[in-house]
Amino acid sequence: MPNIVIDDREIEVPAGTKVIDAARQLDIMIPRFCYHVALGSVGACRVCAVKFVEGPFKGVQMSCMIDAKDGMVVSTTDEEAVEFRKYVIECLMLHHPHDCPVCDEGGHCLLQDMTISGGHGIRRYLGSKRTYRDQYLGPLVQHEMNRCIHCYRCSRFYQEFAGYRDLGVMQSANRVFFGRYEDGILESPFTGNLSDICPTGVYTDKPSRFIGRRWDYERSPSLCINCSLGCHTVASARYRQLVRQEARYSEEVNGYFICDRGRYGFFYASHEKRPRRALVEGEEVAYHQAIDTVREKLAQISGSAGPEAIACLSSERSSLETQAMLKRVCQNKNWSGPLFFMEQSLAEKVKTATARLEPGLTVSLRELEQADFILAVGADPINEAPMLALAMRQAQRFGGRVVVIDPRPIFLPFDFQHLPVRLHEVDLYLSLMIKAAVDRETATELGPSAAEFYQTIPTLETAAVPLQEQIATLAQELRGCQRPVIVCGTEVVPQTTPALAADQVLLLKAMDKQTGLFYLMPGANTFGASLLSGDDGSFSTTLESIEKGKIKALIVTERDLFWKYQNKQRLERIIEKLDLLVVLDYVDSETAQKSDVFFPVSSLYEAGGVFINQEGRVQVAPKVYLGGTPIKQNSGGGHPPRVYGVGIPGSEPRPAWQVVVEIGNGELPPDEETAFATTRKWLAEGNPVFANLPPIDQFPDDGVRLGPALDVGSRFSLDWQTERHPKRNSDGLELILVDWTFGTEELSIYSPHLRQVEKEPCLSMHTSDAVRLGLSSGDKVAIRFDGGRVEASLCVAENMASGVIVMPRHRLLEWQKIKELPRIVRFEEIEKVSV
Amino acid sequence: MPNNYPQVLFQNRKPDRITTLEEYQQSGGYRALADVLRNYSYKDVQEALVEAILLGRGGAAFPAGRKLMTIADDAPFPRYVVCNADEMEPGTFKDRVLIHADPHMIIEGMIIDGYGAKAEKGVIFIRPEYESAAKILEREIKIAKEAGFLGKNIMGTDYSLDIVVHRSAGRYICGEVTAQLNALMGRRPNPKQPPPYPTEKGLWDRPTVLQNVETLANIPHIIRNGPEWYKSLAKTETGAGTKIFCVSGRVNKPGCVELPIGVRLSEIIELHAGGMPAGSEYKACLPGGASTRYLSKEFYDIEMDFEPLRQVGHRLGTGAIMVFDHKTCLVGATLNLTEFFARESCGWCTPCREGLPYIRDLLARLEAGDGREELIPMLQQMSKHLWSSYCAFAPGAVSPVESLITYFEDEVRDHISQKQCPFK
């Protein structure tokens with residue numbers, strides 16, 4: 001490990017450390033523009049110049065380009081270096097418009113900081129300034145090219161790091177331009193990062209333009225709850241309005257970046273239509289009045305029909321506190337539930353995944369970037385968890401191979417191999433590939449069940465499947481790799497896939513590989529839900545009980561029943577049938593609108609909360625701001641507000657767990673720390689995995705990964721073999737409901753900005769099926785479901801399995817008319833709509 | 001006075017047309033290749049070039065043989081050989097003349113160089129304005145291939161090489177090795193600071209050896225006549241071979257001449273370029289294109305060889321001699337050159353992208369009579385800073401500026417004190 005002296009202080013750093021990073025370890029911040037840890041060194045801006053006094057390099061050199069070596073003596077304060085840096089800054093400011101007062105970057109601008117600290121104050125250049133024409137880049141990022149200092153960070157992030165091509169560098173010399181070939185909405189779902197990495201105001205956060213300076217904001221670390229990855233964010237609020245989110249560095253989860261769904265998905269929190277008053281039968285009432293009403297009605301129902309006539313339904317987006325509290329109240333009161341999932345098969349798959357995440361197998365998102373072979377099964381990263389796609393791209397960029405086994409038309413921003421097979425074939429293809437990569441002896445060493453498991457997988461030759469050669473080649477590569485990871489989805493895959501993926505990972509691990517297992521889950525706290533979810537009952541039995549009149553009251557916390565359920569008519573009927581529907585939420589969902597009693601609850605930003613991501617990482621989101629109606633909403637934008645009263649307007653919502661406690665007649669704990677401590681203690685009684693969680697104010701930045709969370713159960717099950725349904729449907733297409741990056745996620749759809757980048761929802765089918773039906777891309781088609789017709793345009797794709805039709809659960813599609821799932825759409829049920 | 005020096009590269013040069021394959025063969029062409037393929041290992045080729053002290057003729061003067069030697073024995077395949085015909089250095093036109101004179105000499109040189117690198121694919125990267133030269137090369141490559149000198153199993157041996165002609169999109173920076181390789185791969189022509197060197201990871205991360213047109217044309221002759229003969233061609237101890245000088249500016253007979261390395265500047269101007277017009281006095285010249293330093297009168301007799309020039313702080317560059325007389329304003333000339341460089345910067349690093357237009361602005365003010373005393377130290381300081389740019393472009397670009405102040409500071413001051421250009 002080389003020893004280097006920087007500004008008379010010595011430090012030992014790992015070989016390969018750049019001098020700029022070595023200095024940082026001494027808390028010496030060498031100026032930089034083009035250098036970014038995630039993007040690497042390119043030596044373009046020249047502002048990190050330092051003087052090399054001793055060692056293999058001499059004179060003024062760029063500290064980002066030179067590895068620290070033994071014997072190096074470096075001065076950052078040397079006159080020559082300081083003079084050069086000052087000159088570079090002068091150059092960068094030649095054409096800068098000096099518009100800091102009206103620039104949204106002003107106040108957190110690296111260029112501003114460097115110009116001031118670099119000592120360039122007097123303008124010497126007498127020439128005229130260069131100007132550019134700005135472009136419209138969509139609703140998320142504002143372009144202002146005149147401010148550009150040509151650090152190339154944007155194009156390097158956009159093209160090299162993220163893999164999209166529609167923004168880049170054009171022209172040469174001092175006319176170099178960064179932007180698109182023409183105005184238009186940026187194609188990448190990672191565009192918001194441009195605002196984060198741009199060292200000045202060329203790319204600024206468009207939704208928060210002109211709202212405030214950074215020092216005006218209430219800023220706090222937070223978490224993203226728009227998918228299961230749990231990326232780290234910084235949330236900013238001003239005048240009681242959440243206005244901006246940025247990526248927060250996380251060593252283990254998201255690194256430096258986040259996706260646009262996460263960044264711009266927060267608008268529900270300050271949405272104008274957000275319900276802020278308790279409602280009884282649609283009438284606004286005081287919070288305590290609503291509590292009294294609910295308690296009274298629940299007591300009646302409990303008295304007349306027994307406590308089990310009251311059912312509770314929790315949610316995957318609720319914090320662990322809310323989930324746990326609902327369960328506790330249910331247990332104390334002997335109410336039914338709580339249920340955490342509306343789909344029983346999903347619950348089971350998620351529970352399997354939770355159980356199979358054994359220590360030593362689990363990999364974090366950042367660890368996944370190190371993989372040299374990624375096998376994704378039933379996962380559509382860009383649509384289900386965009387940051388996963390970005391992590392996979394990093395693995396691919398550094399030589400890793402990515403293979404996706406999935407029927408859907410998968411797009412990823414890099415080269416990968418897609419095996420587009422039907423859902424029931426996913427298990428088989430996964431197994432074929434692993435078997436071809438793993439020796440029989442290795443499997444046998446794992447014990448008799450593993451040996452039998454291995455034995456019963458057909459060989460590539462006997463299986464005689466299409467794509468055989470491709471699988472053989474890939475298996476050969478898999479055999480040679482060191483750090484393979486299997487990524488497994490839990491939504492579209494067959495029941496058996498999550499367990500099978502874990503078993504195959506065990507086989508690979510036995511080949512002396514550093515093997516990883518990475519599951520995707522449907523919600524931000526699905527992991528927590530699966531830990532708390534009991535074995536008693538499913539949502540469909542609950543529905544039946546309601547229909548039979550056995551269950552008379554339903555308490556729903558932070559969930560829209562209609563959002564992910566395929567039979568809208570049935571839900572409407574059961575809501576009619578219920579004596580009491582109590583809904584707690586912070587969005588004005590359809591379920592909320594149909595409730596008998598509604599409680600507004602705090603959002604993540606007002607209440608904070610504990611969430612467990614899909615790898616079992618327990619993370620804490622602190623409160624960002626106190627809550628209340630945004631000032632501009634109750635004062636017409638004027639300031640100060642002309643509304644007088646006691647307390648903050650619109651601050652009635654309180655954390656859902658508190659409402660749950662009060663509905664259950666419980667005593668509220670004196671403060672939140674006690675509340676969390678009590679909850680944790682109670683959780684630990686149910687599952688020892690919670691026993692070692694630190695107090696809430698001592699949580700490490702990257703959270704705590706839970707140990708083995710559930711009993712692993714039986715390994716090497718042969719169930720997947722019997723569960724297979726190899727017969728093809730010759731008279732129809734298997735319907736697959738899927739998520740899209742934008743337009744299908746419950747919270748982010750409240751963002752007016754993301755609505756503008758949503759794609760028009762379409763159905764996808766394979767070319768061969770389209771030919772058979774006489775359809776082509778762009779055709780408007782209608783499917784006759786039992787609940788009615790669903791119309792959408794058609795996308796015909798070559799890169800997907802035949803025999804399936806893929807439909808997004810898009811907010812603009814009435815897919816809830818499907819009624820029954822699983823569903824085969826018969827050919828005669830699909831018709832072309834003439835326009 | 002006629003040029004009585006031995007003509008090597010121009011031995012078949014004709015006033016009106018190119019040398020055909022037949023004529024080239026009659027002059028001994030492709031015999032070196034036959035010899036190499038039969039009797040040389042690739043290492044032997046490398047050693048022959050090292051021994052002959054063949055220095056790169058594109059301006060940087062890197063030893064051609066040593067470049068080949070930096071390819072590791074176990075380096076991966078395919079390997080590439082690239083001929084840099086992106087001749088865009090102001091004042092330089094030797095490669096165009098050479099291609100129009102004797103294209104097969106370049107092709108043969110490229111095959112031998114490729115053999116020395118075990119390359120299986122060759123690319124001639126040519127300036128788009130040289131369309132006629134590109135067509136000639138394409139046609140002659142085809143002819144060479146039909147004659148069995150290119151393609152699979154050259155001359156019945158197991159060495160194979162194909163050459164394609166690639167037209168540049170047309171920027172000066174594409175002449176820089178690493179920028180050229182980026183351009184060939186379809187990327188922006190930004191230079192890439194080594195390591196890794198192109199001979200380790202060049203085109204598509206494979207070993208790539210890149211040589212100037214003139215450098216390659218020398219190779220068949222070195223093989224055929226031996227390194228000793230080659231060295232004996234030069235007039236200086238340190239030098240070897242001949243050099244094509246492109247003489248332009250204030251001379252009676254501008255043009256391209258092949259002369260021994262080490263011939264004196266005075267001889268070139270007075271004898272081979274027909275002297276300066278009556279009434280013109282030598283003031284300065286740029287010895288090797290726009291990115292070299294002005295040679296003032298004190299160097300009028302200097303030996304035009306890499307080493308003697310280096311010793312007095314100058315560079316031979318491409319050997320493109322631009323002659324200025326006493327009536328030419330060097331501030332104006334420097335402004336003109338800086339204009340070119342400011343335009344041709346790739347825009348990658350700050351000092352070059354912004355600093356050159358800055359310097360251009362200062363020079364324009366001086367030339368227009370708007371100059372002030374403090375511009376002189378500013379120019380000096382900024383030129384110095386441009387040496388800390390990313391690649392060699394900016395240090396080359398400021399060479400005229402720096403030498404202007406070193407040798408002609410009085411002339412610059414006259415612009416300031418007279419508040420106008422004294423030559424106008």
# chains A, B, ... in the order shown; residues from 1 in each chain; ligands from 1

$ select_by_dssp --residues "region 532-658 of chain A" --states "strand (DSSP E or B)" --output "number ranges by chain"
A: 553-557, 580-585, 597-601, 609-612, 617-621, 654

$ residues_around --residues "region 125-136 of chain B" --least-positions-apart "4" --cutoff "12 Å" --atoms "only C-alpha atoms" --output "ChimeraX atom specification"
/B:17-21,81-89,93,95-104,106-107,140-144,163-177,179-185,210-213

$ residues_around --residues "Ile53 (chain B)" --least-positions-apart "6" --cutoff "12 Å" --atoms "only C-alpha atoms" --output "number ranges by chain"
B: 46-47, 61-67, 215, 218-219, 222, 226-234, 237-242, 261, 306

$ closest_residue --among "B:Pro400, B:Pro351, B:Gly255, B:Pro377" --to "Ile89 (chain A)" --atoms "only C-alpha atoms"
B:Pro351

$ interface_residues --of "chain A" --to "chain B" --cutoff "6 Å" --atoms "only C-alpha atoms" --output "JSON, numbers by chain"
{"A": [44, 45, 91, 172, 173, 174]}

$ write_last_selection --atoms "C-alpha atoms" --output "PDB file, in the first residue's frame"
ATOM      1  CA  ALA A  44     -10.946  17.115 -18.723  1.00  0.00           C
ATOM      2  CA  CYS A  45     -11.562  20.110 -16.480  1.00  0.00           C
ATOM      3  CA  CYS A  91     -11.399  30.142 -18.335  1.00  0.00           C
ATOM      4  CA  SER A 172     -16.242  20.815 -31.015  1.00  0.00           C
ATOM      5  CA  ALA A 173     -13.786  23.384 -29.708  1.00  0.00           C
ATOM      6  CA  ASN A 174     -15.481  26.034 -27.587  1.00  0.00           C
TER       7      ASN A 174
END

$ residues_around --residues "region 403-420 of chain A" --least-positions-apart "6" --cutoff "9 Å" --atoms "only C-alpha atoms" --output "PDB file with C-alpha atoms, in the first residue's frame"
ATOM      1  CA  ALA A 162     -26.675   4.691 -17.669  1.00  0.00           C
ATOM      2  CA  GLY A 163     -26.525   3.439 -21.229  1.00  0.00           C
ATOM      3  CA  TYR A 164     -28.907   5.797 -23.003  1.00  0.00           C
ATOM      4  CA  SER A 188     -33.902   7.566 -19.874  1.00  0.00           C
ATOM      5  CA  PHE A 373     -22.720 -13.259 -14.487  1.00  0.00           C
ATOM      6  CA  ILE A 374     -26.264 -12.174 -13.752  1.00  0.00           C
ATOM      7  CA  LEU A 375     -29.123 -14.505 -14.457  1.00  0.00           C
ATOM      8  CA  ALA A 376     -32.431 -12.700 -14.086  1.00  0.00           C
ATOM      9  CA  VAL A 377     -35.526 -14.850 -13.873  1.00  0.00           C
ATOM     10  CA  GLY A 378     -38.981 -13.362 -14.184  1.00  0.00           C
ATOM     11  CA  ALA A 379     -37.685  -9.878 -13.500  1.00  0.00           C
ATOM     12  CA  ASP A 380     -38.100  -6.781 -15.633  1.00  0.00           C
ATOM     13  CA  PRO A 381     -35.677  -4.386 -13.938  1.00  0.00           C
ATOM     14  CA  ILE A 382     -36.359  -1.168 -15.837  1.00  0.00           C
ATOM     15  CA  ASN A 383     -40.066  -1.488 -15.192  1.00  0.00           C
ATOM     16  CA  ALA A 389     -31.148  -2.099 -14.251  1.00  0.00           C
ATOM     17  CA  LEU A 390     -28.528   0.550 -13.553  1.00  0.00           C
ATOM     18  CA  MET A 392     -26.825  -4.600 -13.751  1.00  0.00           C
ATOM     19  CA  ARG A 393     -25.443  -2.236 -16.361  1.00  0.00           C
ATOM     20  CA  GLN A 396     -22.129  -5.617 -17.686  1.00  0.00           C
ATOM     21  CA  ARG A 397     -19.850  -2.627 -18.352  1.00  0.00           C
ATOM     22  CA  VAL A 426     -39.029 -20.281 -16.740  1.00  0.00           C
ATOM     23  CA  TYR A 429     -34.795 -23.008 -18.534  1.00  0.00           C
ATOM     24  CA  LEU A 430     -33.256 -21.793 -15.315  1.00  0.00           C
ATOM     25  CA  LEU A 467     -32.509 -22.127 -27.707  1.00  0.00           C
ATOM     26  CA  GLN A 470     -27.577 -20.573 -26.655  1.00  0.00           C
ATOM     27  CA  ILE A 471     -28.141 -22.121 -23.243  1.00  0.00           C
ATOM     28  CA  LEU A 474     -24.145 -19.418 -21.673  1.00  0.00           C
ATOM     29  CA  VAL A 487     -32.012 -12.178  -9.756  1.00  0.00           C
ATOM     30  CA  VAL A 493     -43.194 -16.030 -11.907  1.00  0.00           C
ATOM     31  CA  ILE A 736     -49.537 -11.464 -17.963  1.00  0.00           C
ATOM     32  CA  VAL A 738     -47.088  -6.260 -15.434  1.00  0.00           C
ATOM     33  CA  SER A 764     -47.672  -6.538 -26.183  1.00  0.00           C
ATOM     34  CA  MET A 765     -47.731  -9.722 -28.154  1.00  0.00           C
ATOM     35  CA  HIS A 766     -45.270 -11.699 -30.195  1.00  0.00           C
ATOM     36  CA  ALA A 797     -42.527  -7.423 -30.443  1.00  0.00           C
ATOM     37  CA  GLU A 798     -40.036  -9.990 -31.586  1.00  0.00           C
ATOM     38  CA  ASN A 799     -38.183 -10.075 -28.274  1.00  0.00           C
ATOM     39  CA  MET A 800     -40.847 -11.793 -26.216  1.00  0.00           C
ATOM     40  CA  ALA A 801     -42.410 -15.192 -25.824  1.00  0.00           C
ATOM     41  CA  SER A 802     -45.166 -16.234 -28.158  1.00  0.00           C
ATOM     42  CA  VAL A 804     -48.671 -14.582 -24.155  1.00  0.00           C
ATOM     43  CA  ILE A 805     -50.258 -11.179 -24.064  1.00  0.00           C
ATOM     44  CA  VAL A 806     -48.716  -8.623 -21.756  1.00  0.00           C
TER      45      VAL A 806
END

$ residues_around --residues "Met69 (chain B)" --least-positions-apart "3" --cutoff "12 Å" --atoms "only C-alpha atoms" --output "short mmCIF file (atom, residue, chain, number, x, y, z; two decimals) with N, CA and C atoms, in the first residue's frame"
data_model
loop_
_atom_site.label_atom_id
_atom_site.label_comp_id
_atom_site.auth_asym_id
_atom_site.auth_seq_id
_atom_site.Cartn_x
_atom_site.Cartn_y
_atom_site.Cartn_z
N TYR B 42 9.03 -11.35 -37.42
CA TYR B 42 8.48 -10.01 -37.14
C TYR B 42 9.44 -9.22 -36.26
N LYS B 43 10.20 -9.94 -35.43
CA LYS B 43 11.19 -9.27 -34.57
C LYS B 43 12.31 -8.65 -35.40
N ASP B 44 12.67 -9.36 -36.48
CA ASP B 44 13.74 -8.84 -37.34
C ASP B 44 13.34 -7.50 -37.94
N VAL B 45 12.06 -7.39 -38.33
CA VAL B 45 11.58 -6.13 -38.89
C VAL B 45 11.74 -5.03 -37.85
N GLN B 46 11.31 -5.34 -36.62
CA GLN B 46 11.40 -4.35 -35.55
C GLN B 46 12.84 -3.90 -35.37
N GLU B 47 13.75 -4.89 -35.35
CA GLU B 47 15.15 -4.55 -35.10
C GLU B 47 15.73 -3.72 -36.24
N ALA B 48 15.36 -4.07 -37.46
CA ALA B 48 15.88 -3.31 -38.61
C ALA B 48 15.48 -1.84 -38.50
N LEU B 49 14.23 -1.60 -38.09
CA LEU B 49 13.76 -0.22 -38.00
C LEU B 49 14.43 0.52 -36.85
N VAL B 50 14.67 -0.21 -35.78
CA VAL B 50 15.35 0.43 -34.65
C VAL B 50 16.77 0.80 -35.06
N PRO B 63 10.48 6.80 -32.31
CA PRO B 63 11.15 5.75 -33.10
C PRO B 63 10.17 4.65 -33.54
N ALA B 64 10.09 4.45 -34.85
CA ALA B 64 9.10 3.53 -35.40
C ALA B 64 9.33 2.09 -34.94
N GLY B 65 10.58 1.69 -34.86
CA GLY B 65 10.87 0.32 -34.45
C GLY B 65 10.52 0.08 -33.00
N ARG B 66 10.84 1.06 -32.17
CA ARG B 66 10.54 0.90 -30.75
C ARG B 66 9.04 0.81 -30.51
N ALA B 72 3.37 -6.43 -26.77
CA ALA B 72 3.84 -7.60 -26.03
C ALA B 72 3.74 -8.84 -26.90
N ASP B 73 4.65 -9.78 -26.67
CA ASP B 73 4.65 -11.01 -27.47
C ASP B 73 3.32 -11.75 -27.38
N ALA B 75 0.43 -10.44 -26.71
CA ALA B 75 -0.72 -9.55 -26.85
C ALA B 75 -1.78 -10.21 -27.74
N ASP B 113 5.27 -3.04 -42.00
CA ASP B 113 5.04 -2.58 -40.63
C ASP B 113 3.99 -3.49 -39.97
N GLY B 116 5.52 -6.60 -38.94
CA GLY B 116 6.29 -6.39 -37.70
C GLY B 116 5.41 -6.34 -36.47
N ALA B 117 4.11 -6.12 -36.68
CA ALA B 117 3.19 -6.07 -35.54
C ALA B 117 2.30 -7.31 -35.49
N LYS B 118 2.45 -8.19 -36.47
CA LYS B 118 1.55 -9.33 -36.67
C LYS B 118 0.11 -8.86 -36.83
N THR B 199 -0.43 0.57 -28.63
CA THR B 199 0.17 -0.72 -28.98
C THR B 199 -0.21 -1.79 -27.96
N GLU B 200 -0.76 -1.35 -26.80
CA GLU B 200 -1.27 -2.34 -25.86
C GLU B 200 -2.78 -2.49 -26.06
N PRO B 207 -3.97 -4.46 -29.80
CA PRO B 207 -2.74 -3.74 -30.13
C PRO B 207 -2.86 -3.08 -31.51
N THR B 208 -2.51 -1.82 -31.56
CA THR B 208 -2.65 -1.06 -32.81
C THR B 208 -1.41 -0.21 -32.99
N VAL B 209 -0.77 -0.36 -34.15
CA VAL B 209 0.41 0.45 -34.41
C VAL B 209 0.05 1.46 -35.49
#

$ closest_residue --among "A:Arg401, A:Lys594, A:Lys333, A:Arg784" --to "Leu279 (chain A)" --atoms "only C-alpha atoms"
A:Lys594

$ residues_around --residues "region 27-39 of chain B" --least-positions-apart "5" --cutoff "9 Å" --atoms "only C-alpha atoms" --output "PyMOL selection string"
chain B and resi 11-12+21-22+44-45+104-105+108-109+111-112+115+149+154-155+157-159+219-225

$ write_last_selection --atoms "N, CA and C atoms" --output "mmCIF file, in the first residue's frame"
data_model
loop_
_atom_site.group_PDB
_atom_site.id
_atom_site.type_symbol
_atom_site.label_atom_id
_atom_site.label_comp_id
_atom_site.auth_asym_id
_atom_site.auth_seq_id
_atom_site.Cartn_x
_atom_site.Cartn_y
_atom_site.Cartn_z
ATOM 1 N N GLN B 11 11.804 8.840 -55.706
ATOM 2 C CA GLN B 11 12.581 8.318 -56.840
ATOM 3 C C GLN B 11 11.720 8.104 -58.082
ATOM 4 N N ASN B 12 10.445 7.803 -57.880
ATOM 5 C CA ASN B 12 9.582 7.564 -59.047
ATOM 6 C C ASN B 12 8.614 8.718 -59.304
ATOM 7 N N LEU B 21 1.931 0.194 -60.443
ATOM 8 C CA LEU B 21 2.496 -0.965 -59.748
ATOM 9 C C LEU B 21 3.694 -1.509 -60.532
ATOM 10 N N GLU B 22 3.507 -1.579 -61.824
ATOM 11 C CA GLU B 22 4.578 -2.109 -62.669
ATOM 12 C C GLU B 22 5.846 -1.268 -62.534
ATOM 13 N N ASP B 44 12.670 -9.363 -36.480
ATOM 14 C CA ASP B 44 13.738 -8.844 -37.342
ATOM 15 C C ASP B 44 13.338 -7.502 -37.944
ATOM 16 N N VAL B 45 12.056 -7.390 -38.326
ATOM 17 C CA VAL B 45 11.577 -6.131 -38.886
ATOM 18 C C VAL B 45 11.737 -5.028 -37.847
ATOM 19 N N HIS B 104 2.214 2.763 -53.968
ATOM 20 C CA HIS B 104 2.589 1.397 -53.578
ATOM 21 C C HIS B 104 3.721 1.382 -52.561
ATOM 22 N N MET B 105 4.522 2.450 -52.585
ATOM 23 C CA MET B 105 5.600 2.530 -51.599
ATOM 24 C C MET B 105 4.991 2.567 -50.184
ATOM 25 N N GLU B 108 3.385 -0.886 -49.468
ATOM 26 C CA GLU B 108 4.401 -1.892 -49.115
ATOM 27 C C GLU B 108 4.924 -1.635 -47.701
ATOM 28 N N GLY B 109 5.188 -0.357 -47.416
ATOM 29 C CA GLY B 109 5.671 -0.011 -46.074
ATOM 30 C C GLY B 109 4.673 -0.436 -45.006
ATOM 31 N N ILE B 111 2.456 -2.856 -45.195
ATOM 32 C CA ILE B 111 2.399 -4.326 -45.055
ATOM 33 C C ILE B 111 3.571 -4.804 -44.189
ATOM 34 N N ILE B 112 4.752 -4.232 -44.454
ATOM 35 C CA ILE B 112 5.927 -4.665 -43.678
ATOM 36 C C ILE B 112 5.754 -4.253 -42.212
ATOM 37 N N TYR B 115 3.421 -6.568 -40.703
ATOM 38 C CA TYR B 115 4.084 -7.840 -40.437
ATOM 39 C C TYR B 115 4.866 -7.755 -39.123
ATOM 40 N N PHE B 149 -0.151 -9.035 -53.273
ATOM 41 C CA PHE B 149 0.627 -8.372 -52.218
ATOM 42 C C PHE B 149 -0.218 -8.068 -50.995
ATOM 43 N N ILE B 154 -0.276 -13.571 -48.345
ATOM 44 C CA ILE B 154 0.454 -12.650 -49.211
ATOM 45 C C ILE B 154 1.660 -13.332 -49.828
ATOM 46 N N MET B 155 1.779 -13.250 -51.122
ATOM 47 C CA MET B 155 2.879 -13.845 -51.902
ATOM 48 C C MET B 155 3.085 -15.312 -51.515
ATOM 49 N N THR B 157 2.722 -16.793 -48.758
ATOM 50 C CA THR B 157 3.158 -17.109 -47.394
ATOM 51 C C THR B 157 1.926 -17.204 -46.498
ATOM 52 N N ASP B 158 2.137 -17.426 -45.203
ATOM 53 C CA ASP B 158 0.954 -17.520 -44.348
ATOM 54 C C ASP B 158 0.611 -16.183 -43.683
ATOM 55 N N TYR B 159 1.255 -15.104 -44.166
ATOM 56 C CA TYR B 159 0.873 -13.793 -43.633
ATOM 57 C C TYR B 159 -0.261 -13.186 -44.458
ATOM 58 N N ILE B 219 10.065 2.520 -44.989
ATOM 59 C CA ILE B 219 10.354 1.153 -44.522
ATOM 60 C C ILE B 219 10.874 0.223 -45.626
ATOM 61 N N PRO B 220 10.236 0.188 -46.812
ATOM 62 C CA PRO B 220 10.772 -0.735 -47.835
ATOM 63 C C PRO B 220 12.240 -0.463 -48.156
ATOM 64 N N HIS B 221 12.604 0.810 -48.168
ATOM 65 C CA HIS B 221 13.986 1.154 -48.517
ATOM 66 C C HIS B 221 14.959 0.732 -47.434
ATOM 67 N N ILE B 222 14.547 0.846 -46.202
ATOM 68 C CA ILE B 222 15.418 0.410 -45.094
ATOM 69 C C ILE B 222 15.653 -1.086 -45.199
ATOM 70 N N ILE B 223 14.573 -1.818 -45.486
ATOM 71 C CA ILE B 223 14.709 -3.271 -45.591
ATOM 72 C C ILE B 223 15.618 -3.627 -46.781
ATOM 73 N N ARG B 224 15.375 -2.926 -47.896
ATOM 74 C CA ARG B 224 16.085 -3.298 -49.115
ATOM 75 C C ARG B 224 17.565 -2.948 -49.051
ATOM 76 N N ASN B 225 17.859 -1.787 -48.481
ATOM 77 C CA ASN B 225 19.242 -1.310 -48.544
ATOM 78 C C ASN B 225 19.975 -1.372 -47.206
#

$ atom_distance --atom1 "CA of Asp439 (chain A)" --atom2 "CA of His424 (chain A)"
25.4 Å

$ residues_around --residues "Ile11 (chain A)" --least-positions-apart "2" --cutoff "10 Å" --atoms "only C-alpha atoms" --output "PyMOL selection string"
chain A and resi 1-6+8-9+13+22-23+25-26+68

$ atom_distance --atom1 "CA of Tyr80 (chain B)" --atom2 "CA of Arg206 (chain B)"
7.4 Å

$ atom_distance --atom1 "CA of Ser417 (chain B)" --atom2 "CA of Leu404 (chain B)"
17.1 Å

$ select_by_dssp --residues "region 113-175 of chain A" --states "alpha helix (DSSP H)" --output "list of chain:residue names"
A:Asp113, A:Met114, A:Thr115, A:Ile116, A:Ser117, A:Gly118, A:Arg153, A:Cys154, A:Ser155
